[in-house]
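Chemist: Here you go, this is entry_5.txt (compact mmCIF, C-alpha atoms and all ligand atoms).
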# COMPACT_ATOMS: atom_id res chain seq x y z
CA MET A 183 133.52 101.50 88.27
CA ARG A 184 131.07 98.89 89.56
CA ARG A 185 127.92 98.51 87.51
CA ILE A 186 125.19 100.88 88.68
CA GLU A 187 122.04 99.18 89.94
CA MET A 188 118.70 100.64 90.90
CA VAL A 189 119.05 98.60 94.11
CA ASP A 190 122.21 96.68 95.07
CA LEU A 191 121.00 93.84 97.28
CA LYS A 192 123.99 91.64 96.56
CA GLY A 193 126.53 94.27 97.62
CA GLN A 194 124.61 94.88 100.83
CA TYR A 195 124.45 91.16 101.59
CA LEU A 196 128.16 90.54 101.05
CA LYS A 197 129.03 92.95 103.88
CA ILE A 198 126.95 91.02 106.42
CA LYS A 199 127.18 87.59 104.82
CA LYS A 200 128.81 85.81 107.76
CA GLU A 201 126.23 86.98 110.32
CA VAL A 202 123.28 86.34 108.03
CA ASP A 203 124.47 82.91 106.91
CA GLU A 204 124.98 81.82 110.52
CA ARG A 205 121.53 82.95 111.57
CA ILE A 206 119.92 81.23 108.57
CA ALA A 207 121.84 78.03 109.38
CA ASP A 208 120.54 78.22 112.97
CA VAL A 209 116.95 78.36 111.72
CA ILE A 210 117.51 75.36 109.47
CA ALA A 211 119.18 73.42 112.29
CA SER A 212 116.30 74.17 114.66
CA ALA A 213 113.66 73.48 111.97
CA ALA A 214 111.63 76.45 113.33
CA PHE A 215 110.60 77.45 109.83
CA VAL A 216 107.24 79.05 110.60
CA LYS A 217 106.55 81.03 113.78
CA GLY A 218 109.00 80.01 116.50
CA ALA A 219 111.35 81.91 118.78
CA GLY A 220 113.25 83.69 115.98
CA VAL A 221 110.16 85.49 114.70
CA GLU A 222 109.22 86.52 118.25
CA LEU A 223 112.75 87.76 118.92
CA PHE A 224 112.77 89.91 115.80
CA CYS A 225 109.36 91.42 116.63
CA ARG A 226 110.46 92.30 120.19
CA ASN A 227 113.66 93.89 118.84
CA MET A 228 111.69 95.85 116.26
CA GLU A 229 109.26 97.05 118.97
CA GLN A 230 112.22 98.40 120.94
CA PHE A 231 113.76 99.96 117.87
CA LEU A 232 110.56 101.78 116.90
CA CYS A 233 109.36 102.44 120.48
CA VAL A 234 105.98 100.90 119.61
CA LYS A 235 104.04 98.45 121.79
CA HIS A 236 103.24 95.83 119.17
CA VAL A 237 104.97 94.64 116.02
CA ILE A 238 102.79 91.93 114.49
CA PRO A 239 104.39 89.92 111.69
CA CYS A 240 102.61 88.88 108.51
CA GLY A 241 103.31 87.67 104.99
CA ASN A 242 103.84 90.94 103.12
CA GLY A 243 102.87 94.62 103.06
CA THR A 244 99.71 94.05 101.03
CA ASP A 245 98.48 91.54 103.61
CA ALA A 246 99.33 94.02 106.38
CA LEU A 247 96.97 96.54 104.78
CA GLN A 248 94.20 93.99 104.26
CA ILE A 249 94.50 92.55 107.78
CA SER A 250 94.41 96.07 109.25
CA MET A 251 91.23 96.91 107.37
CA MET A 252 89.65 93.63 108.50
CA ALA A 253 90.74 94.06 112.14
CA LEU A 254 89.27 97.56 112.28
CA GLY A 255 85.94 96.07 111.24
CA LEU A 256 85.59 97.92 107.94
CA LYS A 257 82.57 96.60 106.03
CA PRO A 258 81.57 96.43 102.35
CA GLY A 259 80.39 99.84 101.20
CA ASP A 260 82.52 101.74 103.72
CA GLU A 261 84.57 104.48 102.12
CA ILE A 262 88.31 104.61 102.65
CA ILE A 263 90.39 107.56 101.50
CA VAL A 264 93.63 106.56 99.74
CA PRO A 265 96.14 108.55 97.69
CA SER A 266 95.77 108.44 93.92
CA PHE A 267 99.55 108.48 93.56
CA THR A 268 100.97 105.32 95.12
CA PHE A 269 101.54 101.62 94.58
CA ILE A 270 98.28 99.74 93.92
CA ALA A 271 98.40 97.57 97.06
CA THR A 272 96.93 100.32 99.20
CA ALA A 273 93.68 100.53 97.24
CA GLU A 274 93.67 96.89 96.15
CA ALA A 275 93.31 95.57 99.70
CA ALA A 276 90.35 97.90 100.20
CA ALA A 277 88.67 96.87 96.95
CA LEU A 278 89.12 93.15 97.74
CA LEU A 279 87.15 93.66 100.96
CA GLY A 280 84.34 95.45 99.12
CA LEU A 281 85.30 98.82 100.55
CA LYS A 282 85.10 101.83 98.31
CA PRO A 283 88.52 103.40 97.70
CA VAL A 284 88.11 107.16 97.39
CA PHE A 285 91.13 108.57 95.60
CA CYS A 286 92.70 111.68 97.07
CA ASP A 287 95.07 113.82 95.03
CA VAL A 288 98.54 114.36 96.48
CA ASP A 289 100.71 117.37 97.16
CA GLU A 290 103.17 118.14 94.37
CA ASP A 291 106.09 118.79 96.74
CA THR A 292 105.74 115.80 99.09
CA PHE A 293 103.93 113.21 96.90
CA CYS A 294 101.66 112.62 99.92
CA ILE A 295 98.03 113.42 100.76
CA SER A 296 97.34 116.47 102.93
CA ALA A 297 94.56 117.01 105.48
CA ASP A 298 92.71 119.67 103.49
CA LYS A 299 92.53 117.50 100.37
CA VAL A 300 91.32 114.59 102.51
CA GLU A 301 88.71 116.67 104.31
CA ALA A 302 87.00 117.63 101.04
CA LEU A 303 86.38 113.91 100.36
CA ILE A 304 84.88 112.93 103.73
CA THR A 305 81.24 111.76 103.62
CA GLU A 306 78.91 109.98 106.05
CA ARG A 307 80.25 106.66 104.79
CA THR A 308 83.96 107.47 105.27
CA LYS A 309 85.53 105.16 107.84
CA ALA A 310 89.29 105.40 107.37
CA ILE A 311 92.18 107.33 105.85
CA VAL A 312 95.32 105.66 104.52
CA PRO A 313 98.22 108.09 104.34
CA VAL A 314 101.09 106.60 102.33
CA HIS A 315 104.47 107.99 103.35
CA LEU A 316 105.63 107.81 99.77
CA PHE A 317 109.32 107.49 98.86
CA GLY A 318 110.30 107.59 102.55
CA GLN A 319 108.95 110.85 103.94
CA ASN A 320 106.00 111.04 106.33
CA ALA A 321 102.77 112.72 105.26
CA ASP A 322 101.50 115.63 107.38
CA MET A 323 100.43 113.35 110.24
CA ASP A 324 99.76 116.15 112.70
CA ALA A 325 96.94 117.57 110.59
CA ILE A 326 95.76 114.14 109.41
CA MET A 327 95.42 112.80 112.98
CA LYS A 328 93.54 115.92 114.08
CA LEU A 329 91.18 115.59 111.13
CA ALA A 330 90.65 111.88 111.84
CA GLU A 331 89.83 112.63 115.46
CA LYS A 332 87.36 115.33 114.47
CA HIS A 333 85.50 112.98 112.10
CA GLU A 334 86.07 109.79 114.14
CA LEU A 335 87.98 108.03 111.39
CA PHE A 336 90.64 105.33 111.59
CA VAL A 337 94.12 106.09 110.27
CA ILE A 338 95.98 103.18 108.67
CA GLU A 339 99.50 104.30 107.79
CA ASP A 340 101.13 102.72 104.78
CA ALA A 341 104.75 102.82 105.93
CA CYS A 342 105.99 100.30 103.38
CA GLN A 343 108.54 102.82 102.06
CA SER A 344 109.23 104.82 105.20
CA VAL A 345 110.10 102.46 108.04
CA SER A 346 111.97 104.27 110.85
CA ALA A 347 111.38 107.82 109.48
CA ARG A 348 110.98 110.18 112.45
CA TYR A 349 108.30 112.84 112.62
CA ARG A 350 107.73 115.87 114.86
CA PHE A 351 104.19 116.85 115.85
CA ALA A 352 103.26 120.51 116.30
CA ASP A 353 103.34 120.12 120.10
CA GLY A 354 106.89 118.81 119.98
CA ARG A 355 106.06 115.11 120.45
CA GLU A 356 108.18 112.72 118.38
CA GLY A 357 106.57 110.08 116.23
CA VAL A 358 107.94 107.40 113.98
CA SER A 359 106.56 106.25 110.67
CA GLY A 360 103.81 103.65 110.95
CA CYS A 361 103.44 104.14 114.71
CA MET A 362 101.39 107.35 114.72
CA GLY A 363 98.01 106.23 113.41
CA HIS A 364 95.74 103.48 114.77
CA VAL A 365 97.75 100.92 112.86
CA GLY A 366 100.76 101.08 110.57
CA CYS A 367 101.75 98.67 107.82
CA THR A 368 105.14 97.86 106.44
CA SER A 369 106.69 95.55 103.89
CA PHE A 370 109.97 93.66 104.11
CA PHE A 371 110.12 93.05 100.34
CA PRO A 372 113.84 92.73 99.48
CA SER A 373 114.17 96.21 97.94
CA LYS A 374 112.44 98.06 100.80
CA ASN A 375 114.55 100.00 103.31
CA LEU A 376 114.44 97.01 105.67
CA GLY A 377 114.17 94.05 103.33
CA CYS A 378 114.37 90.29 103.80
CA PHE A 379 115.28 87.54 101.32
CA GLY A 380 111.73 86.90 100.15
CA ASP A 381 108.36 88.26 101.21
CA GLY A 382 107.52 89.63 104.62
CA GLY A 383 105.54 92.34 106.34
CA ALA A 384 104.37 93.67 109.67
CA MET A 385 101.77 95.81 111.39
CA PHE A 386 102.49 98.29 114.18
CA THR A 387 100.09 99.48 116.87
CA ASN A 388 100.09 100.88 120.41
CA ASP A 389 96.56 99.57 121.05
CA ASP A 390 96.57 96.27 122.99
CA ASN A 391 93.06 95.23 121.95
CA LEU A 392 93.65 96.01 118.31
CA ALA A 393 96.95 94.09 118.48
CA ASN A 394 95.07 90.98 119.60
CA VAL A 395 92.57 91.30 116.78
CA LEU A 396 95.34 91.88 114.20
CA ARG A 397 97.14 88.73 115.43
CA SER A 398 93.92 86.77 115.29
CA VAL A 399 92.95 87.93 111.78
CA ALA A 400 96.45 87.06 110.49
CA ASN A 401 96.08 83.58 111.99
CA HIS A 402 92.78 82.20 110.65
CA GLY A 403 90.73 84.21 113.16
CA MET A 404 92.15 82.08 115.94
CA GLU A 405 93.48 82.89 119.40
CA VAL A 406 93.04 79.46 121.01
CA ARG A 407 94.14 76.70 118.63
CA TYR A 408 91.27 75.42 116.45
CA HIS A 409 88.80 77.87 118.02
CA HIS A 410 87.99 80.37 115.26
CA ASP A 411 86.36 83.58 116.47
CA ARG A 412 86.20 85.31 113.12
CA VAL A 413 87.00 84.74 109.47
CA GLY A 414 90.66 85.55 109.05
CA VAL A 415 93.49 84.88 106.65
CA ASN A 416 96.74 82.95 106.72
CA SER A 417 99.61 85.42 106.65
CA ARG A 418 102.93 84.66 108.33
CA LEU A 419 106.53 85.81 108.45
CA ASP A 420 108.79 82.78 108.28
CA GLY A 421 111.77 82.01 110.49
CA ILE A 422 114.44 82.48 107.84
CA GLN A 423 113.11 85.93 106.90
CA ALA A 424 112.92 86.94 110.57
CA ALA A 425 116.56 85.86 111.05
CA VAL A 426 117.68 88.01 108.10
CA LEU A 427 115.61 90.96 109.33
CA ASP A 428 116.94 90.67 112.87
CA VAL A 429 120.49 91.03 111.57
CA LYS A 430 119.63 93.88 109.19
CA LEU A 431 117.64 95.79 111.82
CA ARG A 432 120.92 96.49 113.61
CA TYR A 433 122.23 98.16 110.46
CA LEU A 434 119.07 100.05 109.55
CA ASP A 435 120.27 103.41 110.89
CA ASP A 436 123.54 103.02 108.94
CA TYR A 437 121.58 102.08 105.83
CA THR A 438 119.39 105.15 106.24
CA ARG A 439 122.43 107.40 106.61
CA ALA A 440 123.91 105.93 103.41
CA ARG A 441 120.67 106.71 101.55
CA GLN A 442 120.57 110.22 102.98
CA ARG A 443 124.20 110.85 101.94
CA ALA A 444 123.40 109.77 98.38
CA ALA A 445 120.34 112.07 98.41
CA GLU A 446 122.46 115.00 99.60
CA PHE A 447 124.94 114.31 96.81
CA TYR A 448 122.13 114.45 94.24
CA ASP A 449 120.58 117.55 95.86
CA SER A 450 123.74 119.61 95.73
CA ALA A 451 124.65 118.46 92.21
CA PHE A 452 121.23 119.39 90.82
CA MET A 453 120.86 122.67 92.70
CA ASP A 454 121.82 124.69 89.64
CA VAL A 455 119.92 122.58 87.10
CA GLU A 456 116.78 124.59 86.52
CA GLN A 457 114.96 121.84 84.59
CA ILE A 458 115.00 119.47 87.58
CA LYS A 459 112.78 119.67 90.62
CA CYS A 460 114.51 117.80 93.47
CA PRO A 461 112.61 116.09 96.30
CA VAL A 462 111.27 118.69 98.73
CA ARG A 463 112.15 118.05 102.39
CA SER A 464 109.32 118.46 104.85
CA ALA A 465 110.08 120.56 107.94
CA ASP A 466 108.38 118.01 110.24
CA SER A 467 109.60 114.70 108.86
CA ALA A 468 112.89 112.96 108.34
CA HIS A 469 113.31 111.49 104.86
CA VAL A 470 114.67 107.93 104.67
CA PHE A 471 114.85 108.03 100.86
CA HIS A 472 113.33 104.78 99.78
CA GLN A 473 113.45 106.56 96.44
CA TYR A 474 115.14 109.72 95.21
CA THR A 475 112.54 111.03 92.80
CA ILE A 476 113.06 114.07 90.61
CA GLN A 477 110.51 115.83 88.43
CA THR A 478 111.22 117.03 84.92
CA GLU A 479 109.28 117.87 81.77
CA ARG A 480 111.69 115.75 79.69
CA ARG A 481 111.35 112.64 81.80
CA ASP A 482 111.12 110.00 79.05
CA ASP A 483 114.06 111.42 77.07
CA LEU A 484 116.19 111.63 80.20
CA LYS A 485 115.36 108.04 81.10
CA ALA A 486 116.38 106.82 77.63
CA PHE A 487 119.56 108.95 77.68
CA LEU A 488 120.62 107.47 81.01
CA ALA A 489 119.79 103.92 79.95
CA GLU A 490 122.11 104.27 76.95
CA ARG A 491 124.91 105.11 79.37
CA GLY A 492 124.23 102.14 81.64
CA ILE A 493 122.35 104.12 84.30
CA PRO A 494 119.04 102.58 85.36
CA SER A 495 116.11 104.74 86.45
CA MET A 496 112.46 103.96 87.15
CA VAL A 497 109.08 105.62 86.85
CA TYR A 498 107.21 105.25 90.14
CA TYR A 499 104.36 105.49 89.12
CA PRO A 500 103.34 105.91 85.46
CA ILE A 501 99.54 105.72 85.98
CA PRO A 502 97.73 107.16 88.99
CA LEU A 503 95.41 104.70 90.73
CA HIS A 504 92.19 106.48 89.81
CA LEU A 505 93.01 105.91 86.13
CA GLN A 506 94.04 102.25 86.43
CA LYS A 507 91.89 99.79 84.49
CA ALA A 508 91.38 97.81 87.71
CA PHE A 509 89.45 100.78 89.11
CA ALA A 510 87.54 101.63 85.95
CA GLY A 511 84.29 101.09 87.83
CA SER A 512 85.15 103.54 90.59
CA GLY A 513 83.65 106.54 88.82
CA PHE A 514 86.89 108.53 88.61
CA LYS A 515 88.03 110.12 85.36
CA VAL A 516 90.91 112.08 83.84
CA GLY A 517 91.19 115.44 85.57
CA ASP A 518 89.91 114.27 88.97
CA CYS A 519 93.39 114.17 90.52
CA PRO A 520 95.37 116.68 88.43
CA VAL A 521 98.55 116.69 90.54
CA SER A 522 98.85 112.89 90.42
CA GLU A 523 98.26 112.93 86.68
CA ARG A 524 100.99 115.53 86.21
CA LEU A 525 103.42 113.64 88.46
CA ALA A 526 102.84 110.43 86.53
CA LYS A 527 104.28 112.21 83.46
CA ARG A 528 107.13 113.98 85.26
CA VAL A 529 108.61 111.71 87.93
CA LEU A 530 111.84 109.76 87.60
CA SER A 531 113.49 107.83 90.40
CA LEU A 532 117.29 107.65 90.22
CA PRO A 533 119.43 104.80 91.59
CA MET A 534 119.07 104.81 95.39
CA HIS A 535 120.50 102.20 97.73
CA THR A 536 122.96 101.67 100.53
CA GLU A 537 125.94 100.73 98.38
CA LEU A 538 126.24 103.72 96.00
CA ASP A 539 129.79 105.06 96.04
CA GLU A 540 131.06 108.51 95.13
CA GLU A 541 132.35 107.40 91.72
CA GLN A 542 128.94 105.99 90.77
CA LEU A 543 127.10 109.05 92.08
CA GLU A 544 129.48 111.35 90.20
CA PHE A 545 128.88 109.37 87.00
CA ILE A 546 125.11 109.57 87.43
CA VAL A 547 124.95 113.30 88.12
CA SER A 548 127.41 114.24 85.40
CA ASN A 549 125.30 112.34 82.86
CA VAL A 550 122.09 113.94 84.10
CA LYS A 551 123.77 117.35 83.80
CA ASP A 552 125.07 116.52 80.30
CA PHE A 553 121.53 115.75 79.24
CA PHE A 554 120.26 119.16 80.29
CA ALA A 555 123.38 121.09 79.17
C1 LIG A 601 105.77 97.69 98.60
C2 LIG A 601 104.55 98.44 98.93
C3 LIG A 601 103.38 97.80 99.34
C4 LIG A 601 103.19 96.31 99.31
O1 LIG A 601 104.12 95.56 99.96
P1 LIG A 601 104.32 94.01 99.51
O2 LIG A 601 105.17 93.46 100.59
O3 LIG A 601 104.96 94.01 98.19
O4 LIG A 601 102.97 93.38 99.50
C5 LIG A 601 102.30 98.58 99.71
N1 LIG A 601 102.36 99.92 99.67
C6 LIG A 601 103.46 100.58 99.27
C7 LIG A 601 103.46 102.07 99.25
C8 LIG A 601 104.59 99.87 98.87
O5 LIG A 601 105.68 100.52 98.44
Would you kindly transcribe this structure into structure tokens?
Modeler:
Amino acid sequence: MRRIEMVDLKGQYLKIKKEVDERIADVIASAAFVKGAGVELFCRNMEQFLCVKHVIPCGNGTDALQISMMALGLKPGDEIIVPSFTFIATAEAAALLGLKPVFCDVDEDTFCISADKVEALITERTKAIVPVHLFGQNADMDAIMKLAEKHELFVIEDACQSVSARYRFADGREGVSGCMGHVGCTSFFPSKNLGCFGDGGAMFTNDDNLANVLRSVANHGMEVRYHHDRVGVNSRLDGIQAAVLDVKLRYLDDYTRARQRAAEFYDSAFMDVEQIKCPVRSADSAHVFHQYTIQTERRDDLKAFLAERGIPSMVYYPIPLHLQKAFAGSGFKVGDCPVSERLAKRVLSLPMHTELDEEQLEFIVSNVKDFFA
């Protein structure tokens, strides 16, 4: 059996090596390292793939969040509602801009924020909501968009883990992750569902004006060269990363299906294991399984048991944001987000990637079952 990895980037690369190597060589030969036709080409292809008007490249997912907050004109002191159970980048970008992150507890089944929990946190100073489509499944965007409209709030989707996940609104309209709010953010970090060979990110929007501002903020506040309309940042996707992404975009649906097949294998194997809570599928959203995350009371023991047998697993995330030292000044305390606090003790993400074969999956589930037997 091949060694089991949390993420098998090498195995994935070897299958498309020829195409990727050629495209990288083309970039080197053309010396279009930053900006250039290759980056434009990838963005246009991604726009078509997602059916969104604008894909705006940037340096990474964290930058995408920060640039979005800047482009929407959020000001120091403005409140922004973010989940307490997510990766820090979401709240970090807000804090760096002097915004006040207001931590919203998540739903135990979906790991995402819901409209009723958000609504309880809205004040006069609230300007935006950041739903994070955690682990690859969309938050309840129908209710969140209606709530945002009612209170005139911006919605910045954090789609760093959920790129391409479809969603169905109550009226039957189809949406896709990151393209439903005012702006969506994604990351092309190597281990993400669409990953490059370094850092990369993008923002999605259907709003032409906002697209111009996002482009300007990402480029030193500049539309005409050396004319700076606003204070911006320098955040770019480079040509080599765009070349890799343009090749992998064509395989993204296949990659998603491979993840979903692995998830189904886990689901059916754990159906009769009472001590495990499997990921709950939302009725309105596809799940692209960035992570397959179970919940169990005996999380730490299970993790150690698996490690001894050569099976990696990870805790995403061990400390909810409202209890991180970095946010000690935010006024939140233990007990403020009880679901997130409980999840932090119970979640365990199992190996999930595009290259898992049946033998590996069988080995993982039989060991998990042995532990609980
Ligand atoms: C990965 C990730 C980010 C940050 O993306 P980077 O490209 O690493 O900056 C932000 N939010 C979530 C939920 C993520 O998973």
Chemist: Ranking A:Gly366, A:Gln343, A:Gly403, A:Val358 by minimum distance to Val470 in chain A and counting all atoms listed in the file, which one comes first?
Modeler: A:Gln343
Chemist: Select, from A:Gly318, A:Gly513, A:Gly357, A:Pro313, the residue with the minimum atom-to-atom distance to Val234 in chain A, counting all atoms listed in the file.
Modeler: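 Closest to Val234 in chain A of all the choices is A:Gly357.
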Chemist: Choose the residue, out of A:Glu537, A:Glu222, A:Glu274, A:Asp466, that has the smallest atom-to-atom separation from ligand LIG 601 (chain A); count only C-alpha atoms and all ligand atoms.
Modeler: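 Among A:Glu537, A:Glu222, A:Glu274, A:Asp466, it is A:Glu274 that comes nearest to ligand LIG 601 (chain A).
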Chemist: Neighbours of ligand LIG 601 (chain A) at 9 Å or closer, counting all atoms listed in the file: which residues, as number ranges by chain?
Modeler: A: 241-247, 268-272, 314-317, 340-344, 367-374, 381-383, 472
Chemist: Do a neighbour search on Val395 in chain A at 10 Å with all atoms listed in the file, toss out local chain neighbours closer than 6 positions, and write the hits as a PDB file with C-alpha atoms, keeping the file's coordinate frame.
Modeler:
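Contents of part.pdb, freshly written:
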ATOM      1  CA  ILE A 249      94.500  92.550 107.780  1.00  0.00           C
ATOM      2  CA  SER A 250      94.410  96.070 109.250  1.00  0.00           C
ATOM      3  CA  MET A 252      89.650  93.630 108.500  1.00  0.00           C
ATOM      4  CA  ALA A 253      90.740  94.060 112.140  1.00  0.00           C
ATOM      5  CA  LEU A 254      89.270  97.560 112.280  1.00  0.00           C
ATOM      6  CA  GLY A 255      85.940  96.070 111.240  1.00  0.00           C
ATOM      7  CA  ASN A 401      96.080  83.580 111.990  1.00  0.00           C
ATOM      8  CA  GLY A 403      90.730  84.210 113.160  1.00  0.00           C
ATOM      9  CA  MET A 404      92.150  82.080 115.940  1.00  0.00           C
ATOM     10  CA  GLU A 405      93.480  82.890 119.400  1.00  0.00           C
ATOM     11  CA  ASP A 411      86.360  83.580 116.470  1.00  0.00           C
ATOM     12  CA  ARG A 412      86.200  85.310 113.120  1.00  0.00           C
ATOM     13  CA  GLY A 414      90.660  85.550 109.050  1.00  0.00           C
TER      14      GLY A 414
END
Chemist: Would you compute the distance between CA of Lys309 in chain A and CA of Val399 in chain A? Give it in Å to one decimal.
Modeler: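 Spanning CA of Lys309 in chain A to CA of Val399 in chain A is a straight-line distance of 19.2 Å.
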Chemist: I'd like to know which of A:Ala440, A:Ile238, A:Leu256, A:Ala211 is closest to Thr387 in chain A, using all atoms listed in the file.
Modeler: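 Among the listed residues, A:Ile238 lies closest to Thr387 in chain A.
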Chemist: Determine, counting only C-alpha atoms, which protein, DNA and RNA residues have an atom within 8 Å of an atom of Glu290 in chain A; residues of the same chain fewer than 6 positions away are not included. Present the result as a list in words.
Modeler: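 Residues meeting the cut-off are Val521, Ser522 and Leu525 of chain A.
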Chemist: Can those selected residues be exported to a file as a PDB file, in the frame of the given file so that it contains C-alpha atoms?
Modeler:
ATOM      1  CA  VAL A 521      98.550 116.690  90.540  1.00  0.00           C
ATOM      2  CA  SER A 522      98.850 112.890  90.420  1.00  0.00           C
ATOM      3  CA  LEU A 525     103.420 113.640  88.460  1.00  0.00           C
TER       4      LEU A 525
END
Chemist: Between CA of Leu232 in chain A and CA of Ala347 in chain A, what distance in Å does the model show, to one decimal?
Modeler: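 Taking CA of Leu232 in chain A as the start and CA of Ala347 in chain A as the end point, the length is 9.6 Å.
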Chemist: Would you mind telling me which residue in A:His236, A:Lys485, A:Lys199, A:Arg491 lies nearest to Gly360 in chain A when using all atoms listed in the file?
Modeler: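 Looking at the shortest contact to Gly360 in chain A, the residue is A:His236.
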Chemist: Considering all atoms listed in the file, state which residue in the set A:Ala325, A:Ile311, A:Cys361, A:Ile198 is at the smallest distance from Met228 in chain A.
Modeler: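 Between A:Ala325, A:Ile311, A:Cys361, A:Ile198, the residue approaching Met228 in chain A most closely is A:Cys361.
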Chemist: Sorted by chain and rising residue number, list the residues of range 446-465 of chain A at most 9 Å from range 291-296 of chain A (counting all atoms listed in the file), each with its closest atom pair and distance in Å to one decimal, as CSV.
Modeler:
residue,atom,partner,partner_atom,distance
A:Pro461,CA,A:Asp291,CA,7.1
A:Val462,CA,A:Asp291,CA,5.5
A:Arg463,CA,A:Thr292,CA,7.6
A:Ser464,CA,A:Thr292,CA,7.3
Chemist: Record the distance separating CA of Ile263 in chain A and CA of Val312 in chain A, expressed in Å with one decimal.
Modeler: 6.1 Å
Chemist: I want to know what sits within 10 Å of Asp428 in chain A, based on all atoms listed in the file, with residues of the same chain fewer than 2 positions away left out; could you give that as a CSV table (one decimal) with C-alpha atoms, keeping the file's coordinate frame?
Modeler:
chain,number,residue,atom,x,y,z
A,202,VAL,CA,123.3,86.3,108.0
A,205,ARG,CA,121.5,83.0,111.6
A,220,GLY,CA,113.2,83.7,116.0
A,221,VAL,CA,110.2,85.5,114.7
A,223,LEU,CA,112.8,87.8,118.9
A,224,PHE,CA,112.8,89.9,115.8
A,225,CYS,CA,109.4,91.4,116.6
A,226,ARG,CA,110.5,92.3,120.2
A,227,ASN,CA,113.7,93.9,118.8
A,228,MET,CA,111.7,95.8,116.3
A,376,LEU,CA,114.4,97.0,105.7
A,378,CYS,CA,114.4,90.3,103.8
A,422,ILE,CA,114.4,82.5,107.8
A,423,GLN,CA,113.1,85.9,106.9
A,424,ALA,CA,112.9,86.9,110.6
A,425,ALA,CA,116.6,85.9,111.0
A,426,VAL,CA,117.7,88.0,108.1
A,430,LYS,CA,119.6,93.9,109.2
A,431,LEU,CA,117.6,95.8,111.8
A,432,ARG,CA,120.9,96.5,113.6
A,433,TYR,CA,122.2,98.2,110.5
Chemist: Please tell me which residues are no farther than 12 Å from (126.6, 94.6, 100.4) in the file, counting only C-alpha atoms, and write them as a list in words.
Modeler: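 Every polymer residue passing the test: Val189, Asp190, Leu191, Lys192, Gly193, Gln194, Tyr195, Leu196, Lys197, Ile198, Lys199, Lys200, Val202, Lys430, Tyr433, Tyr437, His535, Thr536, Glu537, Leu538 and Asp539 of chain A.
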Chemist: List the spatial neighbours of Tyr474 in chain A as JSON, numbers by chain - criterion: any atom at most 7 Å away, only C-alpha atoms, same-chain residues fewer than 3 positions off excluded.
Modeler: {"A": [445, 461, 471, 531, 532, 534]}
